[in-house]
$ cat upload_13.cif   # mmCIF, C-alpha atoms and all ligand atoms
data_data
#
loop_
_atom_site.label_atom_id
_atom_site.label_comp_id
_atom_site.auth_asym_id
_atom_site.auth_seq_id
_atom_site.Cartn_x
_atom_site.Cartn_y
_atom_site.Cartn_z
CA MET A 1371 111.46 89.71 59.05
CA ILE A 1372 112.27 88.77 62.66
CA LYS A 1373 110.50 85.48 63.43
CA TYR A 1374 110.79 83.04 66.35
CA ASP A 1375 109.13 79.79 67.36
CA VAL A 1376 108.41 81.21 70.81
CA LEU A 1377 108.58 84.76 72.13
CA ILE A 1378 108.54 85.17 75.91
CA ILE A 1379 107.67 88.63 77.24
CA GLY A 1380 109.41 88.98 80.60
CA ALA A 1381 112.66 87.77 82.13
CA GLY A 1382 111.57 87.22 85.72
CA ILE A 1383 111.16 83.76 87.19
CA ALA A 1384 108.07 83.01 85.06
CA GLY A 1385 109.72 83.90 81.76
CA LEU A 1386 113.08 82.34 82.52
CA TYR A 1387 111.65 79.10 83.89
CA SER A 1388 109.49 78.81 80.75
CA ALA A 1389 112.59 79.35 78.62
CA MET A 1390 114.57 76.77 80.61
CA ASN A 1391 111.92 74.20 79.80
CA LEU A 1392 111.77 74.82 76.04
CA PRO A 1393 113.98 72.57 73.89
CA GLU A 1394 117.27 74.08 72.74
CA ASN A 1395 116.43 73.38 69.09
CA LYS A 1396 113.47 75.77 69.27
CA LYS A 1397 114.13 79.34 68.20
CA VAL A 1398 113.18 81.20 71.37
CA LEU A 1399 113.52 84.87 72.28
CA VAL A 1400 113.09 86.15 75.85
CA VAL A 1401 112.62 89.91 76.09
CA CYS A 1402 112.57 92.33 78.98
CA LYS A 1403 112.05 96.03 78.85
CA ASP A 1404 115.00 97.13 80.97
CA ILE A 1405 118.06 95.40 82.38
CA PRO A 1406 117.20 91.75 83.16
CA TRP A 1407 117.55 92.02 86.92
CA GLU A 1408 115.11 94.94 87.10
CA CYS A 1409 112.13 92.73 87.95
CA ASN A 1410 110.23 91.65 91.06
CA THR A 1411 111.91 88.26 91.06
CA PHE A 1412 115.22 89.95 91.78
CA TYR A 1413 113.73 91.78 94.78
CA ALA A 1414 112.11 88.71 96.40
CA GLN A 1415 113.70 88.10 99.76
CA GLY A 1416 112.09 85.54 102.02
CA GLY A 1417 111.89 82.36 100.00
CA MET A 1418 109.87 79.96 97.90
CA VAL A 1419 107.09 77.78 99.23
CA THR A 1420 106.99 74.06 98.50
CA ALA A 1421 105.11 71.06 99.81
CA LEU A 1422 107.50 69.00 101.93
CA ASP A 1423 106.57 65.57 100.53
CA GLU A 1424 103.57 63.69 99.11
CA ASN A 1425 102.03 63.33 102.58
CA ASP A 1426 102.23 67.07 103.16
CA ILE A 1427 100.24 68.00 100.03
CA PRO A 1428 96.70 67.87 101.54
CA LEU A 1429 97.77 70.00 104.53
CA HIS A 1430 99.68 72.41 102.29
CA ILE A 1431 96.57 72.84 100.15
CA GLU A 1432 94.42 73.42 103.24
CA ASP A 1433 96.91 75.91 104.75
CA THR A 1434 97.04 77.81 101.45
CA MET A 1435 93.24 77.95 101.26
CA ILE A 1436 93.11 79.29 104.83
CA ALA A 1437 95.83 81.87 104.08
CA GLY A 1438 93.77 82.98 101.09
CA ALA A 1439 90.58 83.22 103.17
CA TYR A 1440 89.08 80.63 100.77
CA HIS A 1441 89.05 83.17 97.93
CA ASN A 1442 91.64 80.97 96.18
CA LYS A 1443 90.72 78.85 93.21
CA LYS A 1444 91.07 75.38 94.72
CA GLU A 1445 92.16 73.81 91.43
CA ALA A 1446 95.02 76.32 91.10
CA VAL A 1447 96.12 75.70 94.69
CA GLU A 1448 96.11 71.95 94.05
CA ILE A 1449 98.26 72.37 90.94
CA LEU A 1450 100.63 74.67 92.86
CA SER A 1451 101.04 72.19 95.68
CA GLN A 1452 101.19 69.02 93.59
CA THR A 1453 103.76 70.40 91.13
CA SER A 1454 105.88 72.08 93.80
CA LEU A 1455 107.70 68.86 94.71
CA ASP A 1456 108.82 68.23 91.12
CA THR A 1457 109.64 71.88 90.44
CA THR A 1458 111.72 72.22 93.59
CA SER A 1459 113.64 69.00 92.97
CA ASP A 1460 114.05 69.96 89.30
CA ILE A 1461 115.80 73.24 90.04
CA ILE A 1462 117.86 71.67 92.84
CA SER A 1463 118.98 68.89 90.50
CA ARG A 1464 120.01 71.53 87.95
CA GLY A 1465 122.18 73.23 90.56
CA MET A 1466 120.07 75.76 92.50
CA GLU A 1467 121.48 75.95 96.03
CA PHE A 1468 119.05 76.68 98.83
CA ASP A 1469 120.32 77.35 102.35
CA THR A 1470 121.15 74.22 104.35
CA ASP A 1471 122.31 73.36 107.84
CA GLU A 1472 125.83 72.08 108.52
CA ASN A 1473 124.71 68.53 107.55
CA GLY A 1474 123.39 69.64 104.17
CA ASN A 1475 119.70 69.45 105.13
CA ILE A 1476 117.55 72.15 103.53
CA LEU A 1477 116.37 74.78 106.02
CA TYR A 1478 112.67 75.64 105.98
CA THR A 1479 111.12 78.82 107.36
CA LYS A 1480 107.51 79.24 108.41
CA GLU A 1481 105.14 81.28 106.30
CA ALA A 1482 102.35 83.29 107.92
CA ALA A 1483 99.09 81.39 108.36
CA HIS A 1484 100.76 78.04 107.61
CA SER A 1485 100.93 75.23 110.15
CA THR A 1486 104.51 74.18 109.43
CA GLY A 1487 107.73 75.51 107.85
CA ARG A 1488 107.73 75.08 104.04
CA ILE A 1489 109.75 78.05 102.77
CA VAL A 1490 113.11 77.30 101.18
CA HIS A 1491 115.49 80.24 100.93
CA ALA A 1492 118.85 81.20 99.49
CA GLY A 1493 121.53 83.69 100.49
CA GLY A 1494 119.64 84.12 103.77
CA ASP A 1495 117.25 86.84 102.62
CA ALA A 1496 118.20 87.04 98.92
CA THR A 1497 116.20 84.13 97.51
CA GLY A 1498 114.89 86.02 94.48
CA ARG A 1499 118.31 87.33 93.52
CA TYR A 1500 119.87 83.86 93.78
CA MET A 1501 117.06 82.20 91.83
CA HIS A 1502 117.11 84.87 89.14
CA TYR A 1503 120.86 84.54 88.70
CA PHE A 1504 120.54 80.75 88.60
CA MET A 1505 117.87 80.89 85.90
CA MET A 1506 119.76 83.50 83.86
CA VAL A 1507 122.73 81.12 83.80
CA GLN A 1508 120.56 78.08 83.02
CA ASN A 1509 118.69 79.76 80.17
CA LYS A 1510 120.23 78.69 76.86
CA HIS A 1511 117.98 80.85 74.69
CA LYS A 1512 118.50 84.39 73.45
CA LEU A 1513 117.68 87.08 76.01
CA GLN A 1514 117.17 90.60 74.72
CA ARG A 1515 117.08 93.55 77.09
CA ASN A 1516 115.74 97.10 76.48
CA THR A 1517 112.81 95.65 74.54
CA LEU A 1518 109.59 97.35 75.54
CA VAL A 1519 106.56 95.52 74.12
CA TYR A 1520 103.83 98.07 73.39
CA ASP A 1521 101.42 96.10 71.20
CA LEU A 1522 100.26 92.52 70.72
CA LEU A 1523 99.53 91.47 67.13
CA ILE A 1524 96.35 89.39 67.12
CA GLU A 1525 94.38 87.84 64.28
CA ASP A 1526 91.47 85.41 64.60
CA GLY A 1527 92.02 85.26 68.34
CA ARG A 1528 95.66 84.23 67.99
CA CYS A 1529 98.69 86.30 68.96
CA TYR A 1530 101.33 86.07 66.21
CA GLY A 1531 103.82 88.67 67.39
CA VAL A 1532 104.41 91.99 69.08
CA LYS A 1533 105.48 95.52 68.36
CA ALA A 1534 108.31 96.69 70.55
CA LEU A 1535 110.75 99.50 71.13
CA VAL A 1536 114.16 97.85 70.97
CA ASN A 1537 116.79 100.27 72.21
CA TYR A 1538 114.29 103.03 71.34
CA GLN A 1539 113.83 101.75 67.74
CA HIS A 1540 110.44 100.43 66.60
CA GLN A 1541 110.50 96.73 65.65
CA THR A 1542 107.97 94.03 64.87
CA ILE A 1543 108.80 90.59 66.25
CA TYR A 1544 106.82 87.62 64.93
CA ALA A 1545 106.43 84.28 66.72
CA ASP A 1546 104.35 81.11 66.43
CA ASP A 1547 103.68 81.28 70.15
CA VAL A 1548 103.84 84.22 72.53
CA ILE A 1549 104.11 83.66 76.28
CA ILE A 1550 103.17 86.62 78.46
CA ALA A 1551 105.30 86.54 81.64
CA SER A 1552 105.39 90.27 82.26
CA GLY A 1553 104.60 90.26 85.97
CA GLY A 1554 102.05 92.27 87.91
CA VAL A 1555 100.89 95.85 88.30
CA GLY A 1556 102.53 96.98 91.57
CA SER A 1557 104.46 100.02 90.44
CA LEU A 1558 101.23 101.71 89.32
CA TYR A 1559 100.81 102.63 92.99
CA GLU A 1560 102.36 105.90 94.14
CA TYR A 1561 104.33 103.99 96.78
CA ASN A 1562 105.11 100.30 96.44
CA THR A 1563 107.85 97.71 96.86
CA ASN A 1564 108.00 96.65 93.21
CA SER A 1565 110.47 96.95 90.40
CA ARG A 1566 109.77 99.94 88.15
CA THR A 1567 109.32 97.51 85.23
CA VAL A 1568 106.22 95.99 86.82
CA SER A 1569 103.82 98.60 85.50
CA ALA A 1570 100.93 96.68 83.92
CA ASP A 1571 101.81 97.55 80.30
CA ILE A 1572 100.59 94.23 78.96
CA HIS A 1573 97.49 94.34 81.16
CA GLY A 1574 96.74 97.73 79.56
CA ILE A 1575 97.21 96.33 76.05
CA CYS A 1576 94.86 93.45 76.93
CA VAL A 1577 92.19 95.91 78.08
CA GLU A 1578 92.56 97.84 74.80
CA LYS A 1579 92.20 94.62 72.81
CA GLY A 1580 89.16 93.42 74.73
CA ILE A 1581 91.06 90.55 76.36
CA GLU A 1582 89.45 89.81 79.69
CA LEU A 1583 91.52 90.24 82.86
CA ARG A 1584 90.48 88.35 85.97
CA ASP A 1585 90.69 88.93 89.71
CA MET A 1586 92.39 92.31 89.33
CA GLU A 1587 90.99 93.40 92.70
CA MET A 1588 93.16 90.75 94.40
CA MET A 1589 96.01 93.09 95.24
CA GLN A 1590 98.45 92.13 97.97
CA PHE A 1591 99.25 94.84 100.51
CA HIS A 1592 102.28 93.24 102.09
CA PRO A 1593 102.69 94.14 105.77
CA THR A 1594 105.95 95.32 107.37
CA VAL A 1595 107.30 97.82 104.86
CA PHE A 1596 109.64 100.63 105.88
CA VAL A 1597 108.12 103.68 104.22
CA LYS A 1598 110.21 106.49 105.65
CA THR A 1599 112.39 106.91 102.58
CA PRO A 1600 111.90 109.58 99.90
CA PHE A 1601 111.69 107.08 97.03
CA ALA A 1602 108.57 105.58 95.41
CA ARG A 1603 109.97 102.08 95.90
CA LYS A 1604 109.83 101.34 99.62
CA LEU A 1605 111.83 98.77 101.58
CA LEU A 1606 110.11 95.50 102.35
CA LEU A 1607 110.98 93.61 105.52
CA THR A 1608 110.38 90.00 104.58
CA GLU A 1609 107.73 87.87 106.25
CA ALA A 1610 110.54 85.40 107.02
CA LEU A 1611 111.52 87.76 109.85
CA ARG A 1612 108.19 87.05 111.54
CA GLY A 1613 108.46 83.41 110.47
CA GLU A 1614 111.67 83.23 112.50
CA GLY A 1615 110.05 84.98 115.48
CA ALA A 1616 110.16 88.80 115.05
CA TRP A 1617 107.40 90.74 116.79
CA ILE A 1618 105.14 93.58 115.74
CA VAL A 1619 104.80 96.00 118.64
CA ASP A 1620 103.39 99.40 119.55
CA LYS A 1621 105.54 102.21 120.90
CA ASN A 1622 105.45 100.62 124.39
CA GLY A 1623 106.58 97.23 123.08
CA ARG A 1624 103.13 95.61 123.31
CA ARG A 1625 102.36 92.90 120.71
CA PHE A 1626 99.03 94.30 119.56
CA LEU A 1627 98.51 91.78 116.73
CA PHE A 1628 96.96 89.38 119.28
CA ASP A 1629 94.10 91.90 119.65
CA TYR A 1630 93.21 91.00 116.06
CA ASP A 1631 94.03 87.30 115.68
CA ASP A 1632 95.14 84.40 117.90
CA ARG A 1633 98.01 83.70 115.51
CA GLY A 1634 99.53 87.10 116.30
CA GLU A 1635 102.33 88.08 113.91
CA LEU A 1636 101.77 84.88 111.92
CA ALA A 1637 98.19 85.65 111.00
CA SER A 1638 97.67 85.88 107.24
CA ARG A 1639 99.07 88.96 105.52
CA ASP A 1640 95.70 90.64 104.94
CA ILE A 1641 94.96 90.51 108.68
CA VAL A 1642 98.43 91.75 109.66
CA SER A 1643 98.28 94.62 107.14
CA ARG A 1644 94.83 95.71 108.31
CA ALA A 1645 95.89 95.51 111.97
CA ILE A 1646 98.92 97.75 111.42
CA PHE A 1647 96.82 100.17 109.36
CA ASN A 1648 94.10 100.31 112.06
CA HIS A 1649 96.62 100.68 114.86
CA LYS A 1650 98.30 103.64 113.20
CA ARG A 1651 95.03 105.30 112.27
CA GLU A 1652 93.41 104.84 115.69
CA THR A 1653 96.40 105.78 117.85
CA GLY A 1654 98.22 108.17 115.52
CA GLU A 1655 101.38 106.32 116.57
CA ASP A 1656 103.86 104.12 114.77
CA ALA A 1657 103.95 100.33 114.75
CA TYR A 1658 107.37 98.66 114.86
CA LEU A 1659 109.07 95.44 113.87
CA ASP A 1660 111.09 94.25 116.86
CA PHE A 1661 114.09 91.92 116.47
CA SER A 1662 115.50 92.25 119.98
CA MET A 1663 114.88 88.54 120.71
CA PHE A 1664 117.52 87.51 118.14
CA GLU A 1665 121.18 86.88 118.80
CA GLN A 1666 123.25 89.33 116.72
CA LYS A 1667 125.52 86.86 114.90
CA TRP A 1668 122.63 84.58 113.97
CA PHE A 1669 120.57 87.54 112.71
CA HIS A 1670 123.38 88.92 110.56
CA ASN A 1671 123.94 85.48 108.99
CA ARG A 1672 120.27 84.77 108.42
CA PHE A 1673 119.32 88.25 107.12
CA PRO A 1674 122.56 89.71 105.71
CA ASN A 1675 120.99 91.97 103.09
CA ILE A 1676 118.36 93.46 105.37
CA THR A 1677 121.09 94.08 107.95
CA ARG A 1678 123.28 95.87 105.38
CA THR A 1679 120.48 97.84 103.71
CA PHE A 1680 119.19 99.22 106.99
CA GLU A 1681 122.67 99.84 108.35
CA ALA A 1682 123.13 102.23 105.43
CA ILE A 1683 120.18 104.30 106.66
CA GLY A 1684 121.19 104.29 110.31
CA TYR A 1685 119.60 101.18 111.85
CA SER A 1686 121.59 98.62 113.80
CA PHE A 1687 119.87 95.21 113.79
CA PRO A 1688 118.81 93.28 115.79
CA LYS A 1689 119.14 95.99 118.47
CA ASP A 1690 116.98 98.66 116.80
CA ARG A 1691 113.31 98.26 116.09
CA VAL A 1692 112.04 99.75 112.86
CA PRO A 1693 108.80 101.65 112.13
CA ILE A 1694 106.60 99.78 109.65
CA SER A 1695 103.53 100.22 107.55
C1 LIG B 1 109.97 93.26 97.52
C2 LIG B 1 109.33 91.95 97.11
C3 LIG B 1 109.60 90.80 97.84
C4 LIG B 1 109.02 89.58 97.46
N1 LIG B 1 109.31 88.45 98.18
C5 LIG B 1 108.80 87.25 97.78
C6 LIG B 1 109.14 86.04 98.46
O1 LIG B 1 109.92 86.03 99.39
N2 LIG B 1 108.58 84.88 98.02
C7 LIG B 1 107.71 84.84 96.95
O2 LIG B 1 107.24 83.76 96.59
N3 LIG B 1 107.39 85.98 96.28
C8 LIG B 1 107.91 87.16 96.67
N4 LIG B 1 107.58 88.30 95.98
C9 LIG B 1 106.72 88.17 94.80
C10 LIG B 1 107.56 87.64 93.63
O3 LIG B 1 108.73 88.40 93.52
C11 LIG B 1 106.77 87.71 92.32
O4 LIG B 1 105.53 87.07 92.46
C12 LIG B 1 107.52 87.02 91.19
O5 LIG B 1 108.89 87.35 91.18
C13 LIG B 1 106.90 87.40 89.86
O6 LIG B 1 107.70 86.86 88.84
P1 LIG B 1 107.36 87.19 87.34
O7 LIG B 1 108.35 86.47 86.50
O8 LIG B 1 105.91 86.93 87.09
O9 LIG B 1 107.52 88.79 87.22
P2 LIG B 1 108.80 89.72 87.39
O10 LIG B 1 109.91 89.04 88.08
O11 LIG B 1 108.34 91.01 87.96
O12 LIG B 1 109.26 89.96 85.88
C14 LIG B 1 108.49 90.74 85.00
C15 LIG B 1 109.26 90.83 83.69
O13 LIG B 1 108.41 91.36 82.68
C16 LIG B 1 109.11 92.36 81.97
N5 LIG B 1 108.15 93.28 81.37
C17 LIG B 1 107.11 93.93 81.96
N6 LIG B 1 106.46 94.69 81.06
C18 LIG B 1 107.11 94.51 79.88
C19 LIG B 1 106.94 95.06 78.57
N7 LIG B 1 105.95 95.92 78.29
N8 LIG B 1 107.80 94.68 77.60
C20 LIG B 1 108.81 93.81 77.86
N9 LIG B 1 109.02 93.27 79.06
C21 LIG B 1 108.18 93.62 80.07
C22 LIG B 1 110.01 93.01 83.01
O14 LIG B 1 111.05 93.74 82.38
C23 LIG B 1 110.47 91.76 83.77
O15 LIG B 1 111.56 91.17 83.09
C24 LIG B 1 108.15 89.53 96.34
C25 LIG B 1 107.88 90.69 95.61
C26 LIG B 1 108.48 91.89 95.98
C27 LIG B 1 108.20 93.11 95.17
#
$ encode --input "upload_13.cif" --output "structure tokens" --more "lines below"
Ligand SMILES: Cc1cc2nc3c(=O)[nH]c(=O)nc-3n(C[C@H](O)[C@H](O)[C@H](O)COP(=O)(O)OP(=O)(O)OC[C@H]3O[C@@H](n4cnc5c(N)ncnc54)[C@H](O)[C@@H]3O)c2cc1C
Amino acid sequence: MIKYDVLIIGAGIAGLYSAMNLPENKKVLVVCKDIPWECNTFYAQGGMVTALDENDIPLHIEDTMIAGAYHNKKEAVEILSQTSLDTTSDIISRGMEFDTDENGNILYTKEAAHSTGRIVHAGGDATGRYMHYFMMVQNKHKLQRNTLVYDLLIEDGRCYGVKALVNYQHQTIYADDVIIASGGVGSLYEYNTNSRTVSADIHGICVEKGIELRDMEMMQFHPTVFVKTPFARKLLLTEALRGEGAWIVDKNGRRFLFDYDDRGELASRDIVSRAIFNHKRETGEDAYLDFSMFEQKWFHNRFPNITRTFEAIGYSFPKDRVPIS
């Protein structure tokens, strides 16, 4: 019988950070259904938000509530903000390297709808990849790939294990505690920016078992995605581009976001997404992300992966503007 103290379903940031914080003398298994880096964490670009210091917490909470149009659960936002200082310093003290200036000061980027810069980033525009790699290295517990969980074993309201396909063989894995860290539902959409592993399997199992899911209508439609590729997974252009000053323009170069919100390109994501959608529907024309205000060397250093990815499909940044959805 295969039995663990703790089984963690998912090897993205949620699963790996849980594993990092479980004592080494516990028998822990982290599973993921594909290769470990096939997860949304790996694809995250722009950065991680954190309160700047104790004094910043009330404003960070307020900014987050505004960005969420007050649909947020205040208690959850408070926990997020209050714990962000410890979490950020914890991973930095364990060796995570965020981008700094020449004097070693951490660089912060501005997030849409926030009043000040609070986003830490790594590798320019490869924050998720750097954090995922860091946590893979930090994790001292067993990580098992190609393990597709397809059933939760539940008795008297308690989950005591799972059924899984491990390298295409059926296996039952028992555990005293099971942590579900299997991500979201994004790749259920015909076109999306998510990893193919993020396909709501565990949500589906929960529905079958009568386990209540909450707030499933709260789906993020991230603005500024390049959709003119033939693949289901489309290319996101991180919000950090707008945080640093990129514009959203119509075909004549007009910044039409100000027709919708005084904050322009830094209005909250729901407003920016709706504005682009409306603009395209009403005019029948494309909307573009414009980087022409940036100096080339700075742009290539700050956004090296976006520069390379788009170069491969014929765009030269920051000179070229790119059609977005
Ligand atoms: C393109 C893109 C850019 C983003 N940029 C940012 C950003 O800049 N800043 C930010 O804060 N957020 C960003 N996000 C969101 C962020 O990436 C996610 O919120 C976060 O990574 C989710 O982490 P997670 O550990 O919950 O899930 P994931 O990292 O998606 O991991 C899910 C894990 O669950 C496993 N799994 C799923 N189903 C099963 C199953 N049935 N059996 C076994 N294993 C299973 C998967 O294999 C995977 O290991 C971005 C997202 C995308 C898609």
$ residues_near_ligand --input "upload_13.cif" --ligand "ligand LIG 1 (chain B)" --cutoff "6 Å" --atoms "all atoms listed in the file" --output "PyMOL selection string"
chain A and resi 1379-1385+1401-1404+1406+1409-1411+1413-1418+1517-1520+1551-1553+1563-1564+1567-1568+1571-1572+1606
$ write_last_selection --input "upload_13.cif" --atoms "C-alpha atoms" --output "CSV table (one decimal), in the coordinates of the input"
chain,number,residue,atom,x,y,z
A,1379,ILE,CA,107.7,88.6,77.2
A,1380,GLY,CA,109.4,89.0,80.6
A,1381,ALA,CA,112.7,87.8,82.1
A,1382,GLY,CA,111.6,87.2,85.7
A,1383,ILE,CA,111.2,83.8,87.2
A,1384,ALA,CA,108.1,83.0,85.1
A,1385,GLY,CA,109.7,83.9,81.8
A,1401,VAL,CA,112.6,89.9,76.1
A,1402,CYS,CA,112.6,92.3,79.0
A,1403,LYS,CA,112.0,96.0,78.8
A,1404,ASP,CA,115.0,97.1,81.0
A,1406,PRO,CA,117.2,91.8,83.2
A,1409,CYS,CA,112.1,92.7,88.0
A,1410,ASN,CA,110.2,91.6,91.1
A,1411,THR,CA,111.9,88.3,91.1
A,1413,TYR,CA,113.7,91.8,94.8
A,1414,ALA,CA,112.1,88.7,96.4
A,1415,GLN,CA,113.7,88.1,99.8
A,1416,GLY,CA,112.1,85.5,102.0
A,1417,GLY,CA,111.9,82.4,100.0
A,1418,MET,CA,109.9,80.0,97.9
A,1517,THR,CA,112.8,95.6,74.5
A,1518,LEU,CA,109.6,97.4,75.5
A,1519,VAL,CA,106.6,95.5,74.1
A,1520,TYR,CA,103.8,98.1,73.4
A,1551,ALA,CA,105.3,86.5,81.6
A,1552,SER,CA,105.4,90.3,82.3
A,1553,GLY,CA,104.6,90.3,86.0
A,1563,THR,CA,107.8,97.7,96.9
A,1564,ASN,CA,108.0,96.6,93.2
A,1567,THR,CA,109.3,97.5,85.2
A,1568,VAL,CA,106.2,96.0,86.8
A,1571,ASP,CA,101.8,97.6,80.3
A,1572,ILE,CA,100.6,94.2,79.0
A,1606,LEU,CA,110.1,95.5,102.4
$ closest_residue --input "upload_13.cif" --among "A:Ser1451, A:Phe1601, A:Leu1659, A:Phe1596" --to "Leu1627 in chain A" --atoms "only C-alpha atoms"
A:Leu1659
$ atom_distance --input "upload_13.cif" --atom1 "CA of Leu1377 in chain A" --atom2 "CA of Val1447 in chain A"
27.3 Å
$ atom_distance --input "upload_13.cif" --atom1 "CA of Met1588 in chain A" --atom2 "CA of Ile1449 in chain A"
19.4 Å
$ closest_residue --input "upload_13.cif" --among "A:Gln1666, A:Ser1459, A:Asn1475, A:Gln1514" --to "Val1400 in chain A" --atoms "all atoms listed in the file"
A:Gln1514
$ atom_distance --input "upload_13.cif" --atom1 "CA of Leu1422 in chain A" --atom2 "CA of Thr1453 in chain A"
11.5 Å
$ closest_residue --input "upload_13.cif" --among "A:Gly1580, A:Gly1438, A:Pro1674, A:Pro1688" --to "Ala1483 in chain A" --atoms "only C-alpha atoms"
A:Gly1438
$ closest_residue --input "upload_13.cif" --among "A:His1670, A:Arg1678, A:Lys1443, A:His1511" --to "Ser1388 in chain A" --atoms "all atoms listed in the file"
A:His1511
$ residues_near_point --input "upload_13.cif" --point "(106.5, 69.0, 92.5)" --cutoff "10 Å" --atoms "all atoms listed in the file" --output "PyMOL selection string"
chain A and resi 1420-1424+1427+1449-1460
$ residues_near_point --input "upload_13.cif" --point "(109.1, 97.5, 118.7)" --cutoff "10 Å" --atoms "all atoms listed in the file" --output "number ranges by chain"
A: 1616-1625, 1656-1662, 1690-1694
$ closest_residue --input "upload_13.cif" --among "A:Ala1637, A:Met1371, A:Leu1605, A:Val1376" --to "Tyr1530 in chain A" --atoms "all atoms listed in the file"
A:Val1376
$ closest_residue --input "upload_13.cif" --among "A:Asp1521, A:Glu1609, A:Asp1471, A:Asp1375" --to "Glu1394 in chain A" --atoms "only C-alpha atoms"
A:Asp1375
$ axis_aligned_box --input "upload_13.cif" --around "range 1523-1541 of chain A" --padding-each-side "3 Å" --output "lines of an AutoDock Vina configuration file"
center_x = 104.1
center_y = 93.6
center_z = 68.2
size_x = 31.3
size_y = 24.8
size_z = 13.9
$ residues_around --input "upload_13.cif" --residues "Gly1613 in chain A" --least-positions-apart "3" --cutoff "10 Å" --atoms "all atoms listed in the file" --output "list in words"
Gly1416, Tyr1478, Thr1479, Lys1480, Glu1481, Ala1482, Ala1483, His1484, Gly1487, Ile1489, Thr1608, Glu1609, Ala1610, Ala1616, Trp1617, Glu1635 and Leu1636 of chain A
$ decode --input "upload_13.cif" --residues "range 1568-1580 of chain A" --atoms "N, CA, C and O atoms" --output "short mmCIF file (atom, residue, chain, number, x, y, z; two decimals), in the first residue's frame"
data_model
loop_
_atom_site.label_atom_id
_atom_site.label_comp_id
_atom_site.auth_asym_id
_atom_site.auth_seq_id
_atom_site.Cartn_x
_atom_site.Cartn_y
_atom_site.Cartn_z
N VAL A 1568 -4.05 22.97 -16.72
CA VAL A 1568 -4.99 23.70 -15.86
C VAL A 1568 -6.39 23.53 -16.43
O VAL A 1568 -6.94 24.41 -17.08
N SER A 1569 -6.96 22.33 -16.23
CA SER A 1569 -8.19 21.98 -16.94
C SER A 1569 -9.32 21.56 -16.01
O SER A 1569 -10.20 20.81 -16.42
N ALA A 1570 -9.28 21.99 -14.77
CA ALA A 1570 -10.42 21.85 -13.85
C ALA A 1570 -10.77 20.41 -13.50
O ALA A 1570 -11.90 20.14 -13.10
N ASP A 1571 -9.82 19.49 -13.62
CA ASP A 1571 -10.12 18.08 -13.30
C ASP A 1571 -10.66 17.95 -11.88
O ASP A 1571 -11.67 17.29 -11.64
N ILE A 1572 -9.94 18.58 -10.94
CA ILE A 1572 -10.31 18.38 -9.54
C ILE A 1572 -11.62 19.11 -9.23
O ILE A 1572 -12.44 18.64 -8.45
N HIS A 1573 -11.83 20.26 -9.91
CA HIS A 1573 -13.12 20.93 -9.76
C HIS A 1573 -14.24 19.97 -10.19
O HIS A 1573 -15.28 19.87 -9.54
N GLY A 1574 -14.02 19.28 -11.31
CA GLY A 1574 -15.02 18.34 -11.82
C GLY A 1574 -15.29 17.22 -10.82
O GLY A 1574 -16.45 16.85 -10.58
N ILE A 1575 -14.21 16.69 -10.24
CA ILE A 1575 -14.38 15.62 -9.25
C ILE A 1575 -15.19 16.14 -8.06
O ILE A 1575 -16.08 15.46 -7.54
N CYS A 1576 -14.89 17.38 -7.64
CA CYS A 1576 -15.62 17.97 -6.51
C CYS A 1576 -17.11 18.05 -6.83
O CYS A 1576 -17.96 17.72 -6.00
N VAL A 1577 -17.43 18.49 -8.05
CA VAL A 1577 -18.84 18.59 -8.43
C VAL A 1577 -19.50 17.20 -8.35
O VAL A 1577 -20.58 17.04 -7.79
N GLU A 1578 -18.80 16.19 -8.88
CA GLU A 1578 -19.34 14.82 -8.82
C GLU A 1578 -19.60 14.36 -7.39
O GLU A 1578 -20.54 13.65 -7.11
N LYS A 1579 -18.72 14.79 -6.48
CA LYS A 1579 -18.80 14.32 -5.08
C LYS A 1579 -19.71 15.20 -4.23
O LYS A 1579 -19.80 15.01 -3.02
N GLY A 1580 -20.29 16.23 -4.84
CA GLY A 1580 -21.16 17.12 -4.07
C GLY A 1580 -20.39 18.10 -3.21
O GLY A 1580 -20.93 18.65 -2.25
#
